[in-house]
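Below is one structure, written out as structure tokens, with a few remarks after it.
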Amino acid sequence: MNIVVFENTDQLAKACACIFAHQLLTKPNSVLGFATGSSPIKSYEEMVKLFRDGVIDFKEAVSFNLDEYIGVSEESPVSYHYFMHDMLFRHVNLKKTHVPNGLDKDMEKSCREYDALIASFGGIDLQLLGIGRNGHIGFNEPDSIFSAGTQVVQLTKSTIEANTRFFDKEEDVPKTAISMGVKNIFKARKIVLVANGEDKKEAIFNTVKGEIDPKVPASILQLHPDCTLLLDKAAAALL
Ligand code: F6R
């Protein structure tokens, strides 16, 4: 694992955007993996700046998002479809974007189709990740099996609590999601994980220094051949 610690999240976000810029400059038709949540927001802003400044171009690139809440429509402001559209997709010129469908009647089929679609594009070149306080990646909660492809997941109490900030009240937070599995994530050729703030320091410690154990899904990243962690000082405090 390559670990870089920054003074602040602005620097971290610029570095993350630089990694995406390098990817697009060296392989314009890249398959990019995107995450939602607060951690990558500034990185998306930096990518948009690089696009507006004419440094990078997404016109040949396609994207796959990690996850979506089940039962939430694309148009809902709390959906991850909406988040991605608002933060990135409407500002750049990606050739094609994919976000898991949280409304499919047959979720099992939908999961297999998402896996097949990723495979049909040759797999993910560069995957952006955040990390949950409990060490989840995507929405693969503790004890998710490492060999899982896209799957339906039950969100844990800690994830529901953490995500309440995006909803009016805790009862409104969906309890299930569709998420790329740890296997999909691990198969990405390159991974960049961004984490900032004190509430991520234990998850980062367990990811980097702990046992490789499904109890901390991100710990599998210790075995990835090309994984970079971009951290601020608070998230790196226990390392
Ligand atoms: C969402 C995702 C999650 C988040 C994680 C951290 O697509 O992949 O793993 O990255 O829950 O969320 P924030 O960044 O809001 O703390």
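Every chain in the structure tokens takes a letter, A first, then B, and so on in the order presented; its residues are numbered from 1, and the ligands are numbered from 1 following the presented order.
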
Exercise. Please give the complete set of residues from stretch 40-132 of chain A that DSSP, run on the backbone, assigns to strand (DSSP E or B), formatted as JSON, numbers by chain.
Key: {"A": [62, 63, 64, 65, 67, 68, 69, 96, 97, 98, 126, 127, 128, 129]}

Selection export as a PDB file, in the first residue's frame, atoms kept: N, CA and C atoms:
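Below is the file part.pdb, written as the result:
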ATOM      1  N   VAL A  62     -15.597   5.746 -19.523  1.00  0.00           N
ATOM      2  CA  VAL A  62     -16.880   5.316 -18.962  1.00  0.00           C
ATOM      3  C   VAL A  62     -16.703   5.127 -17.456  1.00  0.00           C
ATOM      4  N   SER A  63     -17.821   5.134 -16.733  1.00  0.00           N
ATOM      5  CA  SER A  63     -17.692   4.990 -15.280  1.00  0.00           C
ATOM      6  C   SER A  63     -18.692   3.990 -14.715  1.00  0.00           C
ATOM      7  N   PHE A  64     -18.313   3.421 -13.587  1.00  0.00           N
ATOM      8  CA  PHE A  64     -19.191   2.539 -12.812  1.00  0.00           C
ATOM      9  C   PHE A  64     -19.170   3.021 -11.372  1.00  0.00           C
ATOM     10  N   ASN A  65     -20.338   3.244 -10.808  1.00  0.00           N
ATOM     11  CA  ASN A  65     -20.386   3.598  -9.392  1.00  0.00           C
ATOM     12  C   ASN A  65     -20.496   2.368  -8.509  1.00  0.00           C
ATOM     13  N   ASP A  67     -22.301   1.900  -5.649  1.00  0.00           N
ATOM     14  CA  ASP A  67     -23.499   1.462  -4.932  1.00  0.00           C
ATOM     15  C   ASP A  67     -24.680   2.406  -5.098  1.00  0.00           C
ATOM     16  N   GLU A  68     -25.819   1.910  -4.656  1.00  0.00           N
ATOM     17  CA  GLU A  68     -27.048   2.712  -4.651  1.00  0.00           C
ATOM     18  C   GLU A  68     -27.977   2.147  -3.583  1.00  0.00           C
ATOM     19  N   TYR A  69     -28.768   3.018  -2.968  1.00  0.00           N
ATOM     20  CA  TYR A  69     -29.766   2.562  -1.996  1.00  0.00           C
ATOM     21  C   TYR A  69     -30.871   1.805  -2.718  1.00  0.00           C
ATOM     22  N   LYS A  96     -20.127   7.372 -20.998  1.00  0.00           N
ATOM     23  CA  LYS A  96     -21.239   6.576 -20.458  1.00  0.00           C
ATOM     24  C   LYS A  96     -21.013   6.411 -18.954  1.00  0.00           C
ATOM     25  N   THR A  97     -22.093   6.532 -18.202  1.00  0.00           N
ATOM     26  CA  THR A  97     -21.975   6.357 -16.745  1.00  0.00           C
ATOM     27  C   THR A  97     -22.914   5.228 -16.309  1.00  0.00           C
ATOM     28  N   HIS A  98     -22.518   4.506 -15.284  1.00  0.00           N
ATOM     29  CA  HIS A  98     -23.359   3.424 -14.753  1.00  0.00           C
ATOM     30  C   HIS A  98     -23.419   3.545 -13.236  1.00  0.00           C
ATOM     31  N   LEU A 126      -9.351   2.266 -12.773  1.00  0.00           N
ATOM     32  CA  LEU A 126      -9.018   3.069 -11.583  1.00  0.00           C
ATOM     33  C   LEU A 126     -10.275   3.233 -10.739  1.00  0.00           C
ATOM     34  N   GLN A 127     -10.200   2.726  -9.524  1.00  0.00           N
ATOM     35  CA  GLN A 127     -11.360   2.769  -8.621  1.00  0.00           C
ATOM     36  C   GLN A 127     -11.116   3.752  -7.481  1.00  0.00           C
ATOM     37  N   LEU A 128     -12.025   4.693  -7.328  1.00  0.00           N
ATOM     38  CA  LEU A 128     -11.990   5.614  -6.191  1.00  0.00           C
ATOM     39  C   LEU A 128     -12.826   5.032  -5.054  1.00  0.00           C
ATOM     40  N   LEU A 129     -12.283   5.063  -3.842  1.00  0.00           N
ATOM     41  CA  LEU A 129     -13.007   4.553  -2.673  1.00  0.00           C
ATOM     42  C   LEU A 129     -13.003   5.572  -1.546  1.00  0.00           C
TER      43      LEU A 129
END

Quiz item: When the cut-off is 9 Å and you count only C-alpha atoms and all ligand atoms, which residues lie near ligand 1, shown as a PyMOL selection string?
Solution: chain A and resi 34-41+65-68+80+128-141+159+162-163+179+193-197+199-200

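Proximity to A:Glu198 was assessed for A:Ser120, A:Asp232, A:Asp106, A:Pro142 counting only C-alpha atoms; the smallest distance is recorded for A:Asp232.
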
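Take the candidates A:Gly71, A:Gly122, A:Gly149, A:Pro100 and check each one against A:Asn29 using only C-alpha atoms; the shortest distance goes to A:Gly122.
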
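The space separating atom CA of A:Phe83 from atom CA of A:Ala13 comes to 17.5 Å.
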
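We find atom CA of A:Glu46 and atom CA of A:Leu32 to be spaced 15.8 Å apart.
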
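The shortest atom-to-atom distance to A:Ile3, with only C-alpha atoms taken into account, belongs to A:Val192 out of A:Ala203, A:Ile178, A:Val216, A:Val192.
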